[in-house]
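Participant: PDB, C-alpha atoms, saved as entry_4.pdb, coming up:
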```pdb
ATOM      1  CA  MET U  45      34.712 -16.262  14.726  1.00  0.00           C
ATOM      2  CA  LYS U  46      36.333 -19.407  16.082  1.00  0.00           C
ATOM      3  CA  GLY U  47      36.771 -22.802  14.490  1.00  0.00           C
ATOM      4  CA  GLY U  48      39.031 -24.484  12.011  1.00  0.00           C
ATOM      5  CA  PRO U  49      38.471 -26.148   8.676  1.00  0.00           C
ATOM      6  CA  GLY U  50      35.511 -28.522   8.818  1.00  0.00           C
ATOM      7  CA  SER U  51      34.323 -27.249  12.208  1.00  0.00           C
ATOM      8  CA  LYS U  52      31.235 -25.218  12.939  1.00  0.00           C
ATOM      9  CA  ALA U  53      32.096 -21.546  13.414  1.00  0.00           C
ATOM     10  CA  ILE U  54      31.105 -19.907  16.680  1.00  0.00           C
ATOM     11  CA  LEU U  55      30.367 -16.196  16.547  1.00  0.00           C
ATOM     12  CA  THR U  56      31.994 -14.426  19.474  1.00  0.00           C
ATOM     13  CA  SER U  57      31.661 -10.791  18.379  1.00  0.00           C
ATOM     14  CA  PRO U  58      30.591  -8.684  15.405  1.00  0.00           C
ATOM     15  CA  LEU U  59      32.776  -8.989  12.315  1.00  0.00           C
ATOM     16  CA  TYR U  60      36.046  -6.998  12.563  1.00  0.00           C
ATOM     17  CA  TRP U  61      35.827  -6.643  16.376  1.00  0.00           C
ATOM     18  CA  HIS U  62      38.929  -7.659  18.330  1.00  0.00           C
ATOM     19  CA  ASN U  63      39.543  -7.870  22.060  1.00  0.00           C
ATOM     20  CA  VAL U  64      43.028  -6.521  22.759  1.00  0.00           C
ATOM     21  CA  ASN U  65      44.146  -6.577  26.406  1.00  0.00           C
ATOM     22  CA  ASP U  66      40.499  -6.586  27.609  1.00  0.00           C
ATOM     23  CA  GLU U  67      39.575  -3.592  25.431  1.00  0.00           C
ATOM     24  CA  TRP U  68      37.435  -3.841  22.304  1.00  0.00           C
ATOM     25  CA  PHE U  69      38.642  -2.481  18.976  1.00  0.00           C
ATOM     26  CA  TYR U  70      37.348  -2.818  15.432  1.00  0.00           C
ATOM     27  CA  TYR U  71      38.746  -2.371  11.960  1.00  0.00           C
ATOM     28  CA  THR U  72      37.430   0.607  10.032  1.00  0.00           C
ATOM     29  CA  LEU U  73      38.366   1.940   6.632  1.00  0.00           C
ATOM     30  CA  GLY U  74      40.910   4.020   8.589  1.00  0.00           C
ATOM     31  CA  GLY U  75      42.426   1.074  10.472  1.00  0.00           C
ATOM     32  CA  LEU U  76      42.032  -0.373  13.977  1.00  0.00           C
ATOM     33  CA  VAL U  77      40.216   1.937  16.440  1.00  0.00           C
ATOM     34  CA  LYS U  78      38.663   1.616  19.882  1.00  0.00           C
ATOM     35  CA  ILE U  79      34.939   0.749  19.885  1.00  0.00           C
ATOM     36  CA  ASP U  80      32.734   3.841  19.836  1.00  0.00           C
ATOM     37  CA  LEU U  81      29.614   2.926  21.827  1.00  0.00           C
ATOM     38  CA  ASP U  82      27.674   5.685  20.026  1.00  0.00           C
ATOM     39  CA  ALA U  83      28.598   4.460  16.526  1.00  0.00           C
ATOM     40  CA  ILE U  84      26.143   2.663  14.257  1.00  0.00           C
ATOM     41  CA  LEU U  85      26.387  -1.085  14.865  1.00  0.00           C
ATOM     42  CA  SER U  86      27.626  -2.813  11.715  1.00  0.00           C
ATOM     43  CA  HIS U  87      28.990  -6.101  10.411  1.00  0.00           C
ATOM     44  CA  ILE U  88      26.481  -8.352  12.212  1.00  0.00           C
ATOM     45  CA  SER U  89      24.530 -11.423  11.155  1.00  0.00           C
ATOM     46  CA  PHE U  90      20.744 -11.658  10.992  1.00  0.00           C
ATOM     47  CA  TYR U  91      20.834 -13.922  14.051  1.00  0.00           C
ATOM     48  CA  GLU U  92      22.784 -11.322  16.041  1.00  0.00           C
ATOM     49  CA  ALA U  93      20.362  -8.594  14.930  1.00  0.00           C
ATOM     50  CA  ALA U  94      17.303 -10.700  15.834  1.00  0.00           C
ATOM     51  CA  ALA U  95      18.734 -11.754  19.202  1.00  0.00           C
ATOM     52  CA  TYR U  96      19.610  -8.191  20.155  1.00  0.00           C
ATOM     53  CA  SER U  97      16.198  -6.862  19.145  1.00  0.00           C
ATOM     54  CA  THR U  98      14.470  -9.539  21.234  1.00  0.00           C
ATOM     55  CA  PHE U  99      16.815  -8.880  24.165  1.00  0.00           C
ATOM     56  CA  ILE U 100      15.776  -5.208  24.345  1.00  0.00           C
ATOM     57  CA  GLY U 101      12.071  -5.870  23.743  1.00  0.00           C
ATOM     58  CA  ALA U 102      11.927  -4.761  20.109  1.00  0.00           C
ATOM     59  CA  ARG U 103      11.850  -6.547  16.753  1.00  0.00           C
ATOM     60  CA  LEU U 104      13.204  -6.229  13.239  1.00  0.00           C
ATOM     61  CA  PRO U 105      10.787  -4.694  10.716  1.00  0.00           C
ATOM     62  CA  THR U 106       9.516  -6.624   7.732  1.00  0.00           C
ATOM     63  CA  GLU U 107      10.939  -5.427   4.444  1.00  0.00           C
ATOM     64  CA  PHE U 108       7.567  -3.860   3.631  1.00  0.00           C
ATOM     65  CA  GLU U 109       7.453  -1.951   6.942  1.00  0.00           C
ATOM     66  CA  TRP U 110      11.022  -0.786   6.301  1.00  0.00           C
ATOM     67  CA  GLU U 111      10.243   0.467   2.791  1.00  0.00           C
ATOM     68  CA  THR U 112       6.981   2.154   3.829  1.00  0.00           C
ATOM     69  CA  SER U 113       8.605   4.070   6.686  1.00  0.00           C
ATOM     70  CA  SER U 114      11.996   4.755   5.048  1.00  0.00           C
ATOM     71  CA  ASP U 115      11.046   8.324   4.104  1.00  0.00           C
ATOM     72  CA  TYR U 116      10.905   9.133   7.832  1.00  0.00           C
ATOM     73  CA  PHE U 117      14.397   8.055   8.891  1.00  0.00           C
ATOM     74  CA  GLU U 118      17.973   8.366   7.677  1.00  0.00           C
ATOM     75  CA  TRP U 119      19.286   5.292   5.896  1.00  0.00           C
ATOM     76  CA  GLY U 120      22.231   4.462   3.669  1.00  0.00           C
ATOM     77  CA  LYS U 121      25.138   4.118   6.102  1.00  0.00           C
ATOM     78  CA  ARG U 122      24.740   0.338   6.455  1.00  0.00           C
ATOM     79  CA  TRP U 123      22.388  -2.332   5.102  1.00  0.00           C
ATOM     80  CA  GLU U 124      19.610  -3.110   7.581  1.00  0.00           C
ATOM     81  CA  TRP U 125      18.367  -6.609   8.320  1.00  0.00           C
ATOM     82  CA  THR U 126      14.634  -7.173   8.053  1.00  0.00           C
ATOM     83  CA  ASN U 127      12.512  -9.998   9.390  1.00  0.00           C
ATOM     84  CA  SER U 128      11.598 -11.049   5.844  1.00  0.00           C
ATOM     85  CA  ALA U 129      12.825 -14.119   4.027  1.00  0.00           C
ATOM     86  CA  TYR U 130      14.184 -13.498   0.538  1.00  0.00           C
ATOM     87  CA  LEU U 131      11.300 -14.951  -1.442  1.00  0.00           C
ATOM     88  CA  PRO U 132       9.879 -14.006  -4.825  1.00  0.00           C
ATOM     89  CA  TYR U 133       7.186 -11.376  -5.079  1.00  0.00           C
ATOM     90  CA  PRO U 134       3.710 -12.645  -6.101  1.00  0.00           C
ATOM     91  CA  ARG U 135       3.495 -13.702  -9.770  1.00  0.00           C
ATOM     92  CA  PHE U 136       7.308 -13.804 -10.097  1.00  0.00           C
ATOM     93  CA  LYS U 137       8.401 -16.225 -12.801  1.00  0.00           C
ATOM     94  CA  ILE U 138      11.962 -17.378 -13.287  1.00  0.00           C
ATOM     95  CA  LYS U 139      13.169 -16.226 -16.703  1.00  0.00           C
ATOM     96  CA  GLU U 140      15.099 -18.405 -19.121  1.00  0.00           C
ATOM     97  CA  GLY U 141      18.871 -18.144 -19.228  1.00  0.00           C
ATOM     98  CA  ALA U 142      21.446 -16.609 -16.929  1.00  0.00           C
ATOM     99  CA  VAL U 143      19.162 -13.979 -15.350  1.00  0.00           C
ATOM    100  CA  GLY U 144      16.640 -16.600 -14.267  1.00  0.00           C
ATOM    101  CA  GLU U 145      19.336 -18.948 -13.048  1.00  0.00           C
ATOM    102  CA  TYR U 146      20.880 -16.122 -10.999  1.00  0.00           C
ATOM    103  CA  ASN U 147      17.643 -14.896  -9.409  1.00  0.00           C
ATOM    104  CA  GLY U 148      15.994 -18.274  -8.859  1.00  0.00           C
ATOM    105  CA  LYS U 149      18.836 -19.994  -7.033  1.00  0.00           C
ATOM    106  CA  PHE U 150      19.109 -17.300  -4.366  1.00  0.00           C
ATOM    107  CA  MET U 151      15.481 -17.411  -3.266  1.00  0.00           C
ATOM    108  CA  ILE U 152      16.021 -19.932  -0.491  1.00  0.00           C
ATOM    109  CA  ASN U 153      17.478 -19.768   3.031  1.00  0.00           C
ATOM    110  CA  GLN U 154      18.331 -16.067   2.886  1.00  0.00           C
ATOM    111  CA  MET U 155      16.998 -12.948   4.605  1.00  0.00           C
ATOM    112  CA  VAL U 156      16.334  -9.502   3.149  1.00  0.00           C
ATOM    113  CA  LEU U 157      18.401  -6.438   3.944  1.00  0.00           C
ATOM    114  CA  ARG U 158      17.168  -3.010   2.926  1.00  0.00           C
ATOM    115  CA  GLY U 159      18.793   0.374   2.468  1.00  0.00           C
ATOM    116  CA  ALA U 160      22.378   0.750   1.339  1.00  0.00           C
ATOM    117  CA  SER U 161      25.787   1.304   2.878  1.00  0.00           C
ATOM    118  CA  VAL U 162      28.660   3.709   2.542  1.00  0.00           C
ATOM    119  CA  ALA U 163      30.199   1.173   0.131  1.00  0.00           C
ATOM    120  CA  THR U 164      27.105   0.661  -2.061  1.00  0.00           C
ATOM    121  CA  SER U 165      27.225   1.539  -5.754  1.00  0.00           C
ATOM    122  CA  GLU U 166      25.157   4.615  -6.575  1.00  0.00           C
ATOM    123  CA  GLY U 167      22.645   2.736  -8.738  1.00  0.00           C
ATOM    124  CA  HIS U 168      21.887   0.296  -5.947  1.00  0.00           C
ATOM    125  CA  SER U 169      21.312   2.926  -3.262  1.00  0.00           C
ATOM    126  CA  ARG U 170      17.546   3.210  -3.251  1.00  0.00           C
ATOM    127  CA  LYS U 171      14.848   2.301  -0.748  1.00  0.00           C
ATOM    128  CA  THR U 172      13.308  -0.344  -3.031  1.00  0.00           C
ATOM    129  CA  TYR U 173      16.517  -2.352  -3.503  1.00  0.00           C
ATOM    130  CA  ARG U 174      16.394  -5.854  -1.976  1.00  0.00           C
ATOM    131  CA  ASN U 175      19.710  -7.190  -0.774  1.00  0.00           C
ATOM    132  CA  PHE U 176      19.951 -10.709   0.622  1.00  0.00           C
ATOM    133  CA  PHE U 177      22.384 -12.851   2.585  1.00  0.00           C
ATOM    134  CA  HIS U 178      22.396 -16.063   4.576  1.00  0.00           C
ATOM    135  CA  PRO U 179      21.272 -15.307   8.148  1.00  0.00           C
ATOM    136  CA  GLN U 180      24.305 -16.812   9.861  1.00  0.00           C
ATOM    137  CA  MET U 181      26.826 -14.747   7.882  1.00  0.00           C
ATOM    138  CA  GLN U 182      28.301 -11.499   9.142  1.00  0.00           C
ATOM    139  CA  TRP U 183      28.586  -9.064   6.242  1.00  0.00           C
ATOM    140  CA  GLN U 184      30.361  -5.752   6.075  1.00  0.00           C
ATOM    141  CA  PHE U 185      28.106  -2.760   6.600  1.00  0.00           C
ATOM    142  CA  SER U 186      25.078  -4.798   7.740  1.00  0.00           C
ATOM    143  CA  GLY U 187      23.191  -3.643  10.824  1.00  0.00           C
ATOM    144  CA  ILE U 188      19.768  -3.129  12.360  1.00  0.00           C
ATOM    145  CA  ARG U 189      16.797  -0.824  12.611  1.00  0.00           C
ATOM    146  CA  LEU U 190      14.370  -1.706  15.385  1.00  0.00           C
ATOM    147  CA  VAL U 191      10.585  -1.569  15.739  1.00  0.00           C
ATOM    148  CA  ARG U 192       8.758  -1.264  19.050  1.00  0.00           C
TER     149      ARG U 192
END
```
Produce structure tokens that represent the structure in this file.
Facilitator:
Amino acid sequence: MKGGPGSKAILTSPLYWHNVNDEWFYYTLGGLVKIDLDAILSHISFYEAAAYSTFIGARLPTEFEWETSSDYFEWGKRWEWTNSAYLPYPRFKIKEGAVGEYNGKFMINQMVLRGASVATSEGHSRKTYRNFFHPQMQWQFSGIRLVR
């Protein structure tokens, strides 16, 4: 990412990727290693995921498509962006107090990720868990699953 304080950041590569002497490397939990083109793509924003899927003639699944089909594919190595906005389910009502304040304020301008990652707490690693982040942000262990 380029840009200084007060400037708009420009994404130039996935998070943790570094070009060193015209070769691409990325930071892993084991340190800096050369890019493995067969590795699972991780640390990308929703916009990067959506652009790539469009580029290859595919699309991101909705969160409901992801959950319905999740029994048929391996998941849990990285969170997977969906094409669903993080909105409340039908009949959702914001509760009084801290829980309502926490849930209600996040239901705007964010996209849903499904699955889990290698760094996810055990209790949160389930196919029904809804994670959410701002679409322009690159988060660790976030990637894609494509639909054709």
Participant: Determine, counting all atoms listed in the file, which protein, DNA and RNA residues have an atom within 10 Å of an atom of Trp125 (chain U); residues of the same chain fewer than 5 positions away are not included. Present the result as a PDB file with C-alpha atoms, keeping the file's coordinate frame.
Facilitator:
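Done, and the output landed in part.pdb:
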```pdb
ATOM      1  CA  ILE U  88      26.481  -8.352  12.212  1.00  0.00           C
ATOM      2  CA  SER U  89      24.530 -11.423  11.155  1.00  0.00           C
ATOM      3  CA  PHE U  90      20.744 -11.658  10.992  1.00  0.00           C
ATOM      4  CA  TYR U  91      20.834 -13.922  14.051  1.00  0.00           C
ATOM      5  CA  ALA U  93      20.362  -8.594  14.930  1.00  0.00           C
ATOM      6  CA  ALA U  94      17.303 -10.700  15.834  1.00  0.00           C
ATOM      7  CA  LEU U 104      13.204  -6.229  13.239  1.00  0.00           C
ATOM      8  CA  PRO U 105      10.787  -4.694  10.716  1.00  0.00           C
ATOM      9  CA  THR U 106       9.516  -6.624   7.732  1.00  0.00           C
ATOM     10  CA  GLU U 107      10.939  -5.427   4.444  1.00  0.00           C
ATOM     11  CA  TRP U 110      11.022  -0.786   6.301  1.00  0.00           C
ATOM     12  CA  MET U 155      16.998 -12.948   4.605  1.00  0.00           C
ATOM     13  CA  VAL U 156      16.334  -9.502   3.149  1.00  0.00           C
ATOM     14  CA  LEU U 157      18.401  -6.438   3.944  1.00  0.00           C
ATOM     15  CA  ARG U 158      17.168  -3.010   2.926  1.00  0.00           C
ATOM     16  CA  GLY U 159      18.793   0.374   2.468  1.00  0.00           C
ATOM     17  CA  ASN U 175      19.710  -7.190  -0.774  1.00  0.00           C
ATOM     18  CA  PHE U 176      19.951 -10.709   0.622  1.00  0.00           C
ATOM     19  CA  PHE U 177      22.384 -12.851   2.585  1.00  0.00           C
ATOM     20  CA  PRO U 179      21.272 -15.307   8.148  1.00  0.00           C
ATOM     21  CA  SER U 186      25.078  -4.798   7.740  1.00  0.00           C
ATOM     22  CA  GLY U 187      23.191  -3.643  10.824  1.00  0.00           C
ATOM     23  CA  ILE U 188      19.768  -3.129  12.360  1.00  0.00           C
ATOM     24  CA  ARG U 189      16.797  -0.824  12.611  1.00  0.00           C
ATOM     25  CA  LEU U 190      14.370  -1.706  15.385  1.00  0.00           C
TER      26      LEU U 190
END
```
Participant: Please, what distance in Å, to one decimal, runs between CA of Leu55 (chain U) and CA of Gln182 (chain U)?
Facilitator: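 Rounded to one decimal, the two atoms are 9.0 Å apart.
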Participant: Rounded to one decimal in Å, what is the spacing between CA of Pro132 (chain U) and CA of Val191 (chain U)?
Facilitator: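 Computing it gives 24.0 Å between the two atoms.
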Participant: Would you mind telling me which residue in U:Val143, U:Tyr60, U:Asn127, U:Phe150 lies nearest to Ala102 (chain U) when using all atoms listed in the file?
Facilitator: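 So, comparing all the options, the nearest one is U:Asn127.
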Participant: I need the residue nearest Ala95 (chain U) from this list: U:Gln180, U:Ala129, U:Ser113, U:Thr164. Use all atoms listed in the file for the distance.
Facilitator: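 For Ala95 (chain U), the nearest of the given residues is U:Gln180.
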Participant: I would like the residues chosen by the PyMOL selection byres ((chain U and resi 170) around 12) on the shown file; could you give them as a PyMOL selection string?
Facilitator: chain U and resi 111+114-115+119-120+123+158-161+164-169+171-175
Participant: Give me, please, the distance in Å between CA of Thr56 (chain U) and CA of Arg192 (chain U), quoted to one decimal.
Facilitator: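 That distance, rounded to one decimal, is 26.7 Å.
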Participant: Between U:Tyr133, U:Gln184, U:Lys139, U:His178, which has the minimum distance to Trp61 (chain U) (counting all atoms listed in the file)?
Facilitator: U:Gln184
Participant: Can you tell me which residues surround region 69-78 of chain U at a distance of at most 9 Å, considering only C-alpha atoms, apart from same-chain residues fewer than 5 positions away, and format the answer as JSON, numbers by chain?
Facilitator: {"U": [58, 59, 60, 61, 62, 63, 64]}
Participant: For each of U:Thr126, U:Val162, U:Asp82, U:Lys121, take the minimum atom-to-atom distance to Ser97 (chain U), counting only C-alpha atoms, then give the residue where this is smallest.
Facilitator: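 Closest to Ser97 (chain U) of all the choices is U:Thr126.
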Participant: Would you kindly translate the PyMOL selection byres ((chain U and resi 152) around 7) into the concrete residues it picks from this file, as a list in words?
Facilitator: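 So the PyMOL selection byres ((chain U and resi 152) around 7), applied here, picks out Tyr130, Leu131, Phe150, Met151, Asn153 and Gln154 of chain U.
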